[in-house]
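Below is my_file-v1.cif, holding mmCIF, C-alpha atoms (C1' of nucleotides).
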```cif
data_model
loop_
_atom_site.label_atom_id
_atom_site.label_comp_id
_atom_site.auth_asym_id
_atom_site.auth_seq_id
_atom_site.Cartn_x
_atom_site.Cartn_y
_atom_site.Cartn_z
CA MET V 1 4.64 -12.58 41.65
CA PRO V 2 2.59 -10.41 39.35
CA ARG V 3 0.28 -12.19 36.98
CA PRO V 4 1.72 -12.91 33.53
CA PRO V 5 0.86 -10.50 30.72
CA LYS V 6 -1.50 -12.18 28.29
CA ALA V 7 -2.69 -9.01 26.61
CA ARG V 8 0.75 -8.40 25.07
CA ASP V 9 0.66 -11.47 22.86
CA ALA V 10 -2.95 -10.85 21.93
CA LEU V 11 -2.07 -7.29 20.90
CA LEU V 12 0.86 -8.37 18.75
CA ALA V 13 -1.25 -11.02 17.05
CA ALA V 14 -4.05 -8.54 16.47
CA TYR V 15 -1.64 -6.02 14.96
CA ARG V 16 -0.13 -8.68 12.73
CA ASP V 17 -3.50 -10.00 11.56
CA LEU V 18 -4.82 -6.53 10.87
CA LEU V 19 -1.74 -5.72 8.80
CA VAL V 20 -2.19 -8.91 6.80
CA SER V 21 -5.92 -8.81 6.22
CA GLU V 22 -6.70 -5.10 6.12
CA GLY V 23 -3.44 -3.35 5.31
CA GLU V 24 -1.22 -0.90 7.12
CA ARG V 25 -3.68 1.92 7.01
CA ALA V 26 -6.40 -0.01 8.81
CA ALA V 27 -4.04 -1.19 11.54
CA THR V 28 -4.69 1.78 13.83
CA MET V 29 -4.07 1.78 17.55
CA ASP V 30 -7.78 1.72 18.28
CA ALA V 31 -8.41 -1.12 15.84
CA VAL V 32 -5.57 -3.21 17.28
CA ALA V 33 -6.82 -2.77 20.83
CA ALA V 34 -10.39 -3.56 19.84
CA ARG V 35 -9.43 -6.73 17.92
CA ALA V 36 -7.29 -7.95 20.79
CA GLY V 37 -10.12 -7.31 23.23
CA VAL V 38 -7.84 -4.96 25.19
CA SER V 39 -8.46 -1.40 26.21
CA LYS V 40 -6.50 1.36 24.60
CA GLY V 41 -4.84 2.07 27.91
CA GLY V 42 -3.77 -1.55 28.04
CA LEU V 43 -2.21 -1.28 24.59
CA LEU V 44 -0.26 1.84 25.53
CA TYR V 45 0.86 0.13 28.71
CA HIS V 46 2.69 -2.56 26.74
CA PHE V 47 3.69 -0.56 23.67
CA LYS V 48 4.49 3.07 24.26
CA SER V 49 4.05 4.04 20.62
CA LYS V 50 2.93 2.63 17.34
CA ASP V 51 6.53 2.24 16.29
CA ALA V 52 7.23 0.20 19.41
CA LEU V 53 4.48 -2.12 18.22
CA ALA V 54 6.18 -2.42 14.84
CA GLU V 55 9.58 -3.12 16.41
CA ALA V 56 8.09 -5.86 18.57
CA LEU V 57 6.50 -7.38 15.49
CA LEU V 58 9.85 -7.44 13.70
CA ASP V 59 11.45 -9.08 16.73
CA ALA V 60 8.77 -11.77 16.65
CA LEU V 61 9.37 -12.22 12.93
CA ARG V 62 13.09 -12.70 13.46
CA ALA V 63 12.44 -15.27 16.18
CA ALA V 64 9.91 -17.20 14.09
CA ALA V 65 12.24 -17.06 11.08
CA ALA V 66 15.19 -18.41 13.04
CA GLU V 67 13.03 -21.31 14.15
CA ASP V 68 11.90 -21.86 10.57
CA ARG V 69 15.48 -21.86 9.28
CA ARG V 70 16.33 -24.71 11.65
CA ARG V 71 13.52 -26.75 10.14
CA MET V 72 14.57 -25.72 6.63
CA ALA V 73 18.17 -26.82 7.16
CA GLU V 74 17.11 -30.20 8.50
CA ALA V 75 14.26 -30.89 6.08
CA PRO V 76 14.55 -34.38 4.52
CA GLU V 77 13.32 -33.04 1.17
CA GLY V 78 16.16 -30.49 1.20
CA PRO V 79 16.13 -26.74 1.90
CA SER V 80 15.05 -25.73 -1.62
CA LYS V 81 11.88 -27.76 -1.76
CA TYR V 82 11.11 -26.90 1.84
CA PHE V 83 11.47 -23.22 0.99
CA VAL V 84 9.24 -23.33 -2.06
CA ARG V 85 6.68 -25.53 -0.34
CA THR V 86 6.38 -23.25 2.66
CA SER V 87 6.33 -20.11 0.52
CA VAL V 88 2.65 -20.56 -0.11
CA ASN V 89 0.94 -18.96 2.78
CA SER V 90 0.16 -21.98 4.90
CA GLY V 91 -1.06 -20.14 7.94
CA THR V 92 1.98 -20.51 10.17
CA ASP V 93 3.19 -17.75 12.47
CA MET V 94 6.14 -17.16 10.19
CA ASP V 95 3.92 -16.60 7.17
CA ALA V 96 1.72 -14.09 8.93
CA PHE V 97 4.66 -12.20 10.45
CA PHE V 98 6.43 -12.14 7.10
CA VAL V 99 3.46 -10.74 5.22
CA ALA V 100 2.88 -8.21 7.99
CA ALA V 101 6.49 -7.07 7.65
CA VAL V 102 6.05 -6.74 3.89
CA ARG V 103 3.10 -4.46 4.52
CA LEU V 104 5.21 -2.34 6.84
CA ALA V 105 8.09 -2.22 4.38
CA GLN V 106 5.77 -1.11 1.58
CA ALA V 107 4.48 1.62 3.85
CA GLY V 108 8.03 2.90 4.13
CA HIS V 109 9.14 1.39 7.44
CA GLU V 110 12.91 1.13 7.21
CA GLY V 111 13.38 -1.41 9.95
CA ALA V 112 10.96 -3.75 8.20
CA LEU V 113 12.91 -3.41 4.96
CA ALA V 114 16.16 -4.26 6.71
CA ALA V 115 14.61 -7.25 8.49
CA LEU V 116 13.27 -8.63 5.21
CA GLU V 117 16.61 -8.25 3.48
CA GLU V 118 18.24 -10.12 6.35
CA LEU V 119 15.74 -12.95 6.00
CA ASP V 120 16.21 -13.22 2.26
CA ALA V 121 19.97 -13.34 2.58
CA ALA V 122 19.71 -16.17 5.12
CA TRP V 123 17.30 -18.12 2.94
CA LEU V 124 19.47 -17.74 -0.13
CA ALA V 125 22.48 -18.98 1.82
CA LEU V 126 20.62 -22.16 2.77
CA ILE V 127 19.48 -22.74 -0.79
CA ARG V 128 23.03 -22.24 -2.05
CA ALA V 129 24.24 -24.90 0.33
CA GLU V 130 22.17 -27.32 -1.71
CA ILE V 131 22.26 -25.81 -5.20
CA GLU V 132 25.76 -24.70 -6.07
CA ASP V 133 25.02 -22.86 -9.28
CA PRO V 134 24.31 -19.30 -8.06
CA ALA V 135 21.92 -18.49 -10.90
CA LEU V 136 19.87 -21.63 -10.28
CA ALA V 137 19.80 -20.97 -6.55
CA THR V 138 18.61 -17.44 -7.19
CA ALA V 139 15.94 -18.74 -9.54
CA VAL V 140 14.60 -21.07 -6.85
CA MET V 141 14.69 -18.22 -4.37
CA LEU V 142 12.72 -16.02 -6.73
CA MET V 143 10.12 -18.71 -7.27
CA GLY V 144 9.56 -18.74 -3.54
CA GLU V 145 9.40 -14.95 -3.40
CA GLY V 146 6.90 -14.93 -6.23
CA LEU V 147 4.74 -17.40 -4.34
CA TYR V 148 4.90 -15.25 -1.24
CA HIS V 149 4.05 -12.20 -3.29
CA TYR V 150 1.05 -13.99 -4.66
CA SER V 151 -0.36 -15.40 -1.50
CA SER V 152 0.24 -12.14 0.32
CA LEU V 153 -1.98 -10.42 -2.19
CA ALA V 154 -4.67 -12.98 -2.75
CA GLY V 155 -4.51 -14.64 0.65
CA ALA V 156 -3.79 -18.07 -0.75
CA TRP V 157 -2.09 -19.85 -3.62
CA PRO V 158 -4.53 -19.59 -6.50
CA GLU V 159 -3.88 -23.04 -7.87
CA LYS V 160 -6.92 -23.05 -10.09
CA SER V 161 -6.08 -19.84 -11.91
CA PHE V 162 -2.57 -21.12 -12.60
CA GLY V 163 -3.56 -24.64 -13.38
CA THR V 164 -0.44 -25.86 -11.63
CA SER V 165 -0.33 -27.59 -8.27
CA LEU V 166 2.31 -27.00 -5.66
CA GLY V 167 3.47 -30.56 -6.17
CA GLU V 168 4.22 -29.89 -9.82
CA LEU V 169 6.19 -26.80 -8.86
CA LEU V 170 8.24 -28.88 -6.45
CA GLY V 171 8.90 -31.17 -9.39
CA VAL V 172 10.39 -28.21 -11.23
CA VAL V 173 12.69 -27.61 -8.28
CA ASP V 174 13.84 -31.22 -8.57
CA ARG V 175 14.54 -30.77 -12.25
CA LEU V 176 16.47 -27.59 -11.53
CA ARG V 177 18.54 -29.34 -8.92
CA GLY V 178 19.38 -32.05 -11.41
CA VAL V 179 20.24 -29.78 -14.32
CA MET P 1 -11.54 24.74 -28.51
CA PRO P 2 -11.28 24.62 -24.72
CA ARG P 3 -7.77 24.71 -23.34
CA PRO P 4 -6.37 21.26 -22.79
CA PRO P 5 -6.16 19.91 -19.23
CA LYS P 6 -2.52 19.47 -18.36
CA ALA P 7 -3.09 19.12 -14.64
CA ARG P 8 -4.84 15.77 -15.00
CA ASP P 9 -1.81 13.90 -16.29
CA ALA P 10 0.43 15.60 -13.76
CA LEU P 11 -1.89 14.55 -10.96
CA LEU P 12 -2.01 10.92 -12.06
CA ALA P 13 1.76 10.78 -12.35
CA ALA P 14 2.17 12.40 -8.95
CA TYR P 15 -0.22 9.93 -7.36
CA ARG P 16 1.56 7.00 -8.97
CA ASP P 17 5.02 8.20 -7.97
CA LEU P 18 3.95 8.90 -4.40
CA LEU P 19 2.47 5.43 -4.10
CA VAL P 20 5.68 3.87 -5.39
CA SER P 21 8.19 5.89 -3.42
CA GLU P 22 6.36 6.73 -0.22
CA GLY P 23 3.59 4.16 0.11
CA GLU P 24 -0.17 4.31 0.15
CA ARG P 25 -0.39 6.15 3.40
CA ALA P 26 1.71 9.06 2.22
CA ALA P 27 -0.23 9.42 -1.00
CA THR P 28 -2.77 11.84 0.43
CA MET P 29 -4.86 14.20 -1.63
CA ASP P 30 -2.84 17.18 -0.40
CA ALA P 31 0.46 15.46 -1.14
CA VAL P 32 -0.64 14.51 -4.64
CA ALA P 33 -1.82 18.02 -5.41
CA ALA P 34 1.35 19.57 -4.02
CA ARG P 35 3.61 17.19 -5.94
CA ALA P 36 1.76 17.88 -9.17
CA GLY P 37 1.94 21.62 -8.59
CA VAL P 38 -1.86 21.78 -8.58
CA SER P 39 -4.23 23.17 -5.99
CA LYS P 40 -6.51 21.02 -3.91
CA GLY P 41 -9.51 22.30 -5.78
CA GLY P 42 -7.87 21.49 -9.09
CA LEU P 43 -7.38 17.92 -8.01
CA LEU P 44 -11.00 17.56 -6.95
CA TYR P 45 -12.10 19.03 -10.23
CA HIS P 46 -10.48 16.21 -12.21
CA PHE P 47 -11.00 13.40 -9.69
CA LYS P 48 -14.10 13.64 -7.58
CA SER P 49 -12.78 11.34 -4.88
CA LYS P 50 -9.66 9.53 -3.88
CA ASP P 51 -11.13 6.33 -5.24
CA ALA P 52 -11.69 8.00 -8.60
CA LEU P 53 -7.96 8.71 -8.61
CA ALA P 54 -7.28 5.04 -7.95
CA GLU P 55 -9.64 3.93 -10.70
CA ALA P 56 -7.95 6.24 -13.19
CA LEU P 57 -4.59 4.82 -12.19
CA LEU P 58 -5.82 1.28 -12.80
CA ASP P 59 -7.12 2.32 -16.21
CA ALA P 60 -3.71 3.73 -17.06
CA LEU P 61 -2.11 0.50 -15.85
CA ARG P 62 -4.35 -1.59 -18.09
CA ALA P 63 -3.50 0.59 -21.06
CA ALA P 64 0.24 0.45 -20.41
CA ALA P 65 0.05 -3.30 -19.85
CA ALA P 66 -1.79 -3.91 -23.10
CA GLU P 67 0.94 -1.99 -24.91
CA ASP P 68 3.59 -4.00 -23.07
CA ARG P 69 1.93 -7.29 -24.00
CA ARG P 70 2.19 -6.40 -27.67
CA ARG P 71 5.93 -5.93 -27.27
CA MET P 72 6.15 -9.12 -25.21
CA ALA P 73 4.40 -11.20 -27.86
CA GLU P 74 6.66 -9.89 -30.61
CA ALA P 75 9.94 -9.93 -28.70
CA PRO P 76 12.71 -11.68 -30.69
CA GLU P 77 14.08 -13.26 -27.52
CA GLY P 78 10.66 -14.79 -26.82
CA PRO P 79 7.95 -13.82 -24.33
CA SER P 80 9.50 -15.64 -21.38
CA LYS P 81 12.86 -13.91 -21.46
CA TYR P 82 11.19 -10.62 -22.24
CA PHE P 83 8.98 -11.06 -19.20
CA VAL P 84 11.77 -11.92 -16.82
CA ARG P 85 14.06 -9.23 -18.21
CA THR P 86 11.45 -6.51 -17.82
CA SER P 87 10.38 -7.71 -14.39
CA VAL P 88 13.25 -5.86 -12.81
CA ASN P 89 12.00 -2.38 -12.30
CA SER P 90 13.46 -0.62 -15.31
CA GLY P 91 11.66 2.65 -14.90
CA THR P 92 9.04 2.31 -17.60
CA ASP P 93 5.49 3.56 -17.16
CA MET P 94 4.29 -0.01 -16.85
CA ASP P 95 6.65 -0.73 -13.98
CA ALA P 96 5.61 2.32 -12.03
CA PHE P 97 1.92 1.73 -12.59
CA PHE P 98 2.27 -1.92 -11.67
CA VAL P 99 4.07 -1.23 -8.41
CA ALA P 100 1.55 1.50 -7.60
CA ALA P 101 -1.27 -0.99 -8.11
CA VAL P 102 0.48 -3.49 -5.84
CA ARG P 103 0.57 -0.83 -3.14
CA LEU P 104 -3.13 -0.25 -3.58
CA ALA P 105 -3.89 -3.95 -3.52
CA GLN P 106 -1.90 -4.40 -0.34
CA ALA P 107 -3.86 -1.57 1.18
CA GLY P 108 -7.01 -3.55 0.52
CA HIS P 109 -8.24 -1.98 -2.73
CA GLU P 110 -10.33 -4.65 -4.42
CA GLY P 111 -10.22 -3.16 -7.88
CA ALA P 112 -6.44 -3.16 -7.79
CA LEU P 113 -6.41 -6.81 -6.80
CA ALA P 114 -8.69 -7.71 -9.70
CA ALA P 115 -6.60 -5.71 -12.16
CA LEU P 116 -3.41 -7.44 -11.04
CA GLU P 117 -4.97 -10.87 -11.35
CA GLU P 118 -6.07 -9.97 -14.86
CA LEU P 119 -2.54 -8.93 -15.76
CA ASP P 120 -1.00 -12.07 -14.36
CA ALA P 121 -3.40 -14.29 -16.25
CA ALA P 122 -2.55 -12.54 -19.50
CA TRP P 123 1.19 -12.81 -18.85
CA LEU P 124 0.93 -16.49 -18.01
CA ALA P 125 -1.01 -17.12 -21.23
CA LEU P 126 1.80 -15.55 -23.27
CA ILE P 127 4.44 -17.56 -21.46
CA ARG P 128 2.45 -20.74 -22.01
CA ALA P 129 2.38 -20.06 -25.71
CA GLU P 130 6.14 -20.54 -25.63
CA ILE P 131 6.62 -23.03 -22.81
CA GLU P 132 4.10 -25.81 -23.08
CA ASP P 133 4.77 -27.52 -19.78
CA PRO P 134 2.38 -25.73 -17.40
CA ALA P 135 4.58 -26.21 -14.35
CA LEU P 136 7.62 -24.78 -16.11
CA ALA P 137 5.61 -21.87 -17.42
CA THR P 138 4.34 -21.14 -13.94
CA ALA P 139 7.89 -21.35 -12.60
CA VAL P 140 9.06 -18.73 -15.09
CA MET P 141 6.09 -16.58 -14.21
CA LEU P 142 6.92 -16.83 -10.52
CA MET P 143 10.54 -15.86 -11.15
CA GLY P 144 9.26 -12.69 -12.75
CA GLU P 145 6.85 -12.04 -9.90
CA GLY P 146 9.64 -12.55 -7.40
CA LEU P 147 11.75 -10.01 -9.23
CA TYR P 148 8.90 -7.54 -9.22
CA HIS P 149 8.35 -8.17 -5.55
CA TYR P 150 11.98 -7.47 -4.89
CA SER P 151 12.41 -4.35 -6.89
CA SER P 152 9.12 -2.97 -5.59
CA LEU P 153 10.49 -3.23 -2.08
CA ALA P 154 14.08 -2.20 -2.57
CA GLY P 155 13.55 0.04 -5.56
CA ALA P 156 15.93 -1.88 -7.78
CA TRP P 157 17.32 -5.30 -8.46
CA PRO P 158 19.91 -5.92 -5.74
CA GLU P 159 22.34 -7.77 -7.96
CA LYS P 160 25.19 -7.48 -5.52
CA SER P 161 23.35 -9.07 -2.60
CA PHE P 162 22.30 -11.98 -4.77
CA GLY P 163 25.56 -12.35 -6.59
CA THR P 164 23.66 -13.16 -9.76
CA SER P 165 23.23 -10.92 -12.76
CA LEU P 166 20.06 -10.57 -14.75
CA GLY P 167 21.87 -12.13 -17.71
CA GLU P 168 22.56 -15.29 -15.75
CA LEU P 169 18.90 -15.47 -14.75
CA LEU P 170 17.92 -15.24 -18.40
CA GLY P 171 20.27 -18.15 -18.97
CA VAL P 172 18.21 -20.15 -16.50
CA VAL P 173 15.10 -19.34 -18.50
CA ASP P 174 16.83 -20.70 -21.59
CA ARG P 175 17.70 -23.88 -19.76
CA LEU P 176 14.10 -24.22 -18.58
CA ARG P 177 12.83 -23.78 -22.10
CA GLY P 178 15.12 -26.51 -23.31
CA VAL P 179 14.30 -29.04 -20.59
"C1'" DA F 1 -18.14 44.18 -33.41
"C1'" DT F 2 -19.07 43.75 -28.91
"C1'" DA F 3 -21.55 42.71 -24.97
"C1'" DA F 4 -23.55 38.91 -22.54
"C1'" DC F 5 -23.32 34.33 -21.62
"C1'" DT F 6 -21.49 29.40 -21.09
"C1'" DG F 7 -18.46 25.69 -19.93
"C1'" DT F 8 -13.92 24.17 -18.67
"C1'" DA F 9 -9.96 24.56 -15.80
"C1'" DC F 10 -8.34 25.69 -11.62
"C1'" DC F 11 -7.64 28.18 -6.73
"C1'" DG F 12 -7.49 28.05 -1.62
"C1'" DG F 13 -9.83 28.15 2.62
"C1'" DC F 14 -12.80 25.45 5.58
"C1'" DT F 15 -14.98 21.57 8.35
"C1'" DG F 16 -15.94 17.33 10.52
"C1'" DG F 17 -14.00 13.24 11.65
"C1'" DA F 18 -10.25 10.00 12.50
"C1'" DC F 19 -5.88 9.05 14.46
"C1'" DG F 20 -1.72 8.95 17.65
"C1'" DG F 21 -0.81 9.90 22.01
"C1'" DT F 22 -1.58 11.69 27.05
"C1'" DA F 23 -3.69 11.48 31.38
"C1'" DT F 24 -5.95 9.79 35.27
"C1'" DA F 25 -8.68 7.11 38.45
"C1'" DG F 26 -9.57 2.77 39.73
"C1'" DA F 27 -10.13 -2.67 39.51
"C1'" DT F 28 -7.95 -7.39 39.69
"C1'" DA F 29 -4.68 -10.95 40.18
"C1'" DC F 30 -0.64 -12.70 42.43
"C1'" DG M 1 1.73 -3.88 47.15
"C1'" DT M 2 2.85 -4.00 42.63
"C1'" DA M 3 2.43 -5.44 37.91
"C1'" DT M 4 -1.33 -5.82 34.88
"C1'" DC M 5 -4.79 -4.11 33.22
"C1'" DT M 6 -10.04 -1.31 32.39
"C1'" DA M 7 -12.56 2.80 31.22
"C1'" DT M 8 -12.95 7.20 29.61
"C1'" DA M 9 -11.96 11.85 28.62
"C1'" DC M 10 -9.11 14.81 26.17
"C1'" DC M 11 -5.56 17.29 22.86
"C1'" DG M 12 -3.20 18.50 18.53
"C1'" DT M 13 -2.66 17.10 13.97
"C1'" DC M 14 -3.77 15.36 9.66
"C1'" DC M 15 -6.85 14.20 6.07
"C1'" DA M 16 -10.89 13.66 2.66
"C1'" DG M 17 -14.09 16.07 0.75
"C1'" DC M 18 -16.80 20.49 0.07
"C1'" DC M 19 -17.64 25.12 -1.46
"C1'" DG M 20 -17.40 29.78 -3.16
"C1'" DG M 21 -14.78 32.06 -6.17
"C1'" DT M 22 -11.39 33.34 -10.38
"C1'" DA M 23 -9.61 33.13 -15.19
"C1'" DC M 24 -10.29 32.47 -19.72
"C1'" DA M 25 -11.72 30.45 -24.32
"C1'" DG M 26 -15.34 30.01 -27.22
"C1'" DT M 27 -20.47 30.95 -28.51
"C1'" DT M 28 -24.54 33.62 -29.23
"C1'" DA M 29 -27.47 37.57 -29.65
"C1'" DT M 30 -27.65 42.03 -31.09
#
```

Just give me the structure of the file as C-alpha cells.
Amino acid sequence: MPRPPKARDALLAAYRDLLVSEGERAATMDAVAARAGVSKGGLLYHFKSKDALAEALLDALRAAAAEDRRRMAEAPEGPSKYFVRTSVNSGTDMDAFFVAAVRLAQAGHEGALAALEELDAAWLALIRAEIEDPALATAVMLMGEGLYHYSSLAGAWPEKSFGTSLGELLGVVDRLRGV
Amino acid sequence: MPRPPKARDALLAAYRDLLVSEGERAATMDAVAARAGVSKGGLLYHFKSKDALAEALLDALRAAAAEDRRRMAEAPEGPSKYFVRTSVNSGTDMDAFFVAAVRLAQAGHEGALAALEELDAAWLALIRAEIEDPALATAVMLMGEGLYHYSSLAGAWPEKSFGTSLGELLGVVDRLRGV
DNA sequence: ATAACTGTACCGGCTGGACGGTATAGATAC
DNA sequence: GTATCTATACCGTCCAGCCGGTACAGTTAT
C-alpha cells in the first residue's frame, strides 16, 4: 500500500486559512504551498489547478456544514439559538470554511456563491421548523448572517464595541420565539 | 480658471463599480482606467497609487454615510426601520461605496476595516437612540448587517428564496420596538 | 496684442516583478 | 514498484507603477 497523503489536508487547510486571514488575493499557489510546508510540485500533484483547490474547499465546506446541521437539528437549546450562538466565529472547521467561501464568492467565484446559497437555504429551513412565522425566522437568520459578516471582517465578535454579549443576543432570540 | 477635472470622478466611480461587480482582484489599474474611459497615465495623474485610489474611495464613503445618517436621524418611520429598509442594496451611492469598502476590507485593507467599524458604531448609536434595550438595538443592527451581507453577495435581496418581503421584516422591527 | 511661459489635465508605451502553470529528475515510504 | 512527494528551472501573462510627451487655459512680460 502506498503511504497515505498527508500533504493534501495540510494544503487545503493552508488555502482556507490564507483566504480567511489574508484575503483571496494573497492566497496564491506559492503562498499556499509555503504555508503548508509542501513544495509547489507537491501542491500541483494533488490539485491540478487553482480552481481545483477551490472546488475541494467547497466540498470540504459542504461536508462540514452537513455535520453541523446534524448538531443544529439535535441541539437541546433549539436550532435557532444554536445557529445564532455558532454564528460568531468560534474557530471551528465550519466557520473557517464558511468565511473562506465568502471570500471566494466576493472574488466572483460562482461555485462558491451557489454553495453559500445552498447552505443558507438549509439553515433557514431548520430555523423555520422551530419558528413558524416566516418573517421572524428570517429575522433570526439575518441576525446570524450579520454576526458572520462581522466576525469574518474583524476576526471575532467585537462584544465590547457593541456593549452586548452573545448571551443577551440569545435572550432576544428567546423573546422572538415567544412573540 | 483651469478646466475642471472630470476624469477623477469617473475613475472613482469605475473603481467602486468594479469592486462591487467583479471583486477586488478584477479592479486593476488598467481595468479602472478602461472602464472610466481614461488612459493609464490619466489615472496615475489623479491617484498616485492604487492605495491612493482606495483612500479616496473611503473618503467618498464617509461623506455619503454622513449624508445618509442625517436622513436616518430625521426619518419619519424612525432610524431603525430606515436602517433595515435601506440595508437592502437599493442602488444608492452609499450602498455601492459600502459594498466596495467591504470588498477592500475582506482583501485585507486596514483603512477600509477601520472605516466600516466607524460606520457601524455610528449606526448603532442612532438605533440606540430609538431602542433603549442594548440587546434589541444590536439585534436590529445585525438584521441590517445580514441584509447587507446578502445583497453584497447576490447583488439584490433574494426575496423569493426567503419567502419574506422587506415589508414583513419591517414589521418585525416594529414588534421589537414594542417589546 | 502677442509671444513666451506656467500649471493642470491627460495620453500611451514600457519595465520589472509576481503569478499560474509546466516540466523534469529524483528521493522516500509502503 | 508505485503512490507520494521534494527541488528547481522555466514560460507566458498580467499588473503596478514610471516616464516622456501632448493639449490647452490662463498669466506675464514686452

Exercise answer, chain V residues close to chain F, 12 Å and all atoms listed in the file, as a ChimeraX atom specification: /V:1-5,25-31,40-41,43-45,47-51

Selection result of the PyMOL selection byres ((chain P and resi 126) around 12) on this file, as an NGL selection string: :P and (68-75 or 78-83 or 119-125 or 127-132 or 134 or 137-138 or 140-141)

Output of the PyMOL selection byres ((chain P and resi 144-152) around 7), listed as a PDB file with C-alpha atoms, in the coordinates of the input:
```
ATOM      1  CA  LEU V 142      12.720 -16.020  -6.730  1.00  0.00           C
ATOM      2  CA  MET V 143      10.120 -18.710  -7.270  1.00  0.00           C
ATOM      3  CA  GLU V 145       9.400 -14.950  -3.400  1.00  0.00           C
ATOM      4  CA  GLY V 146       6.900 -14.930  -6.230  1.00  0.00           C
ATOM      5  CA  HIS V 149       4.050 -12.200  -3.290  1.00  0.00           C
TER       6      HIS V 149
ATOM      7  CA  PHE P  83       8.980 -11.060 -19.200  1.00  0.00           C
ATOM      8  CA  VAL P  84      11.770 -11.920 -16.820  1.00  0.00           C
ATOM      9  CA  SER P  87      10.380  -7.710 -14.390  1.00  0.00           C
ATOM     10  CA  VAL P  88      13.250  -5.860 -12.810  1.00  0.00           C
ATOM     11  CA  ASN P  89      12.000  -2.380 -12.300  1.00  0.00           C
ATOM     12  CA  VAL P  99       4.070  -1.230  -8.410  1.00  0.00           C
ATOM     13  CA  VAL P 140       9.060 -18.730 -15.090  1.00  0.00           C
ATOM     14  CA  MET P 141       6.090 -16.580 -14.210  1.00  0.00           C
ATOM     15  CA  LEU P 142       6.920 -16.830 -10.520  1.00  0.00           C
ATOM     16  CA  MET P 143      10.540 -15.860 -11.150  1.00  0.00           C
ATOM     17  CA  LEU P 153      10.490  -3.230  -2.080  1.00  0.00           C
ATOM     18  CA  ALA P 154      14.080  -2.200  -2.570  1.00  0.00           C
ATOM     19  CA  GLY P 155      13.550   0.040  -5.560  1.00  0.00           C
ATOM     20  CA  ALA P 156      15.930  -1.880  -7.780  1.00  0.00           C
ATOM     21  CA  TRP P 157      17.320  -5.300  -8.460  1.00  0.00           C
TER      22      TRP P 157
END
```

Contact set, chain M to chain V: 8 Å, all atoms listed in the file, as a ChimeraX atom specification: /M:2-7

Straight-line distance linking atom CA of P:Ala96 with atom CA of P:Glu24, stated in Å to one decimal: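 According to the coordinates, atom CA of P:Ala96 and atom CA of P:Glu24 are separated by 13.6 Å.
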
Picked residues, the PyMOL selection byres ((chain P and resi 23) around 9), expected as a ChimeraX atom specification: /V:105-108 /P:18-22,24-27,100,103-104

Residues near V:Gly163, cut-off 9 Å, all atoms listed in the file, skip fewer than 2 positions along chain, as a list in words: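 My reading of the contact set: Pro158, Glu159, Lys160, Ser161 and Ser165 of chain V; Pro134, Ala135 and Thr138 of chain P.
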
Computed interatomic separation between atom CA of V:Leu12 and atom CA of P:His109 (Å):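 Atom-to-atom, atom CA of V:Leu12 and atom CA of P:His109 are spaced 24.2 Å apart.
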
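Between atom CA of P:Ala54 and atom CA of P:Glu110 the interatomic distance comes to 10.8 Å.
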
V:Asp174, V:Ala65, V:Ala36, V:Leu113 ranked by distance to chain P, top pick (using all atoms listed in the file):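 Among the listed residues, the smallest separation from chain P belongs to V:Leu113.
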
With all atoms of stretch 92-111 of chain P from the file as input, state the centre and edge lengths in Å to one decimal of the axis-aligned box that has 8 Å extra on each side, as JSON.
```
{"center_x": -0.6, "center_y": -0.5, "center_z": -8.2, "size_x": 35.4, "size_y": 24.2, "size_z": 34.8}
```

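Minimum atom-to-atom distance to chain P, evaluated using only C-alpha atoms, belongs to V:Thr164 out of V:Ala33, V:Asp93, V:Thr164, V:Val173.
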
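Distance annotation: of P:Asp17, P:Asp9, P:Asp59, P:Glu168, the residue with the minimal separation from chain V is P:Glu168; atom set is all atoms listed in the file.
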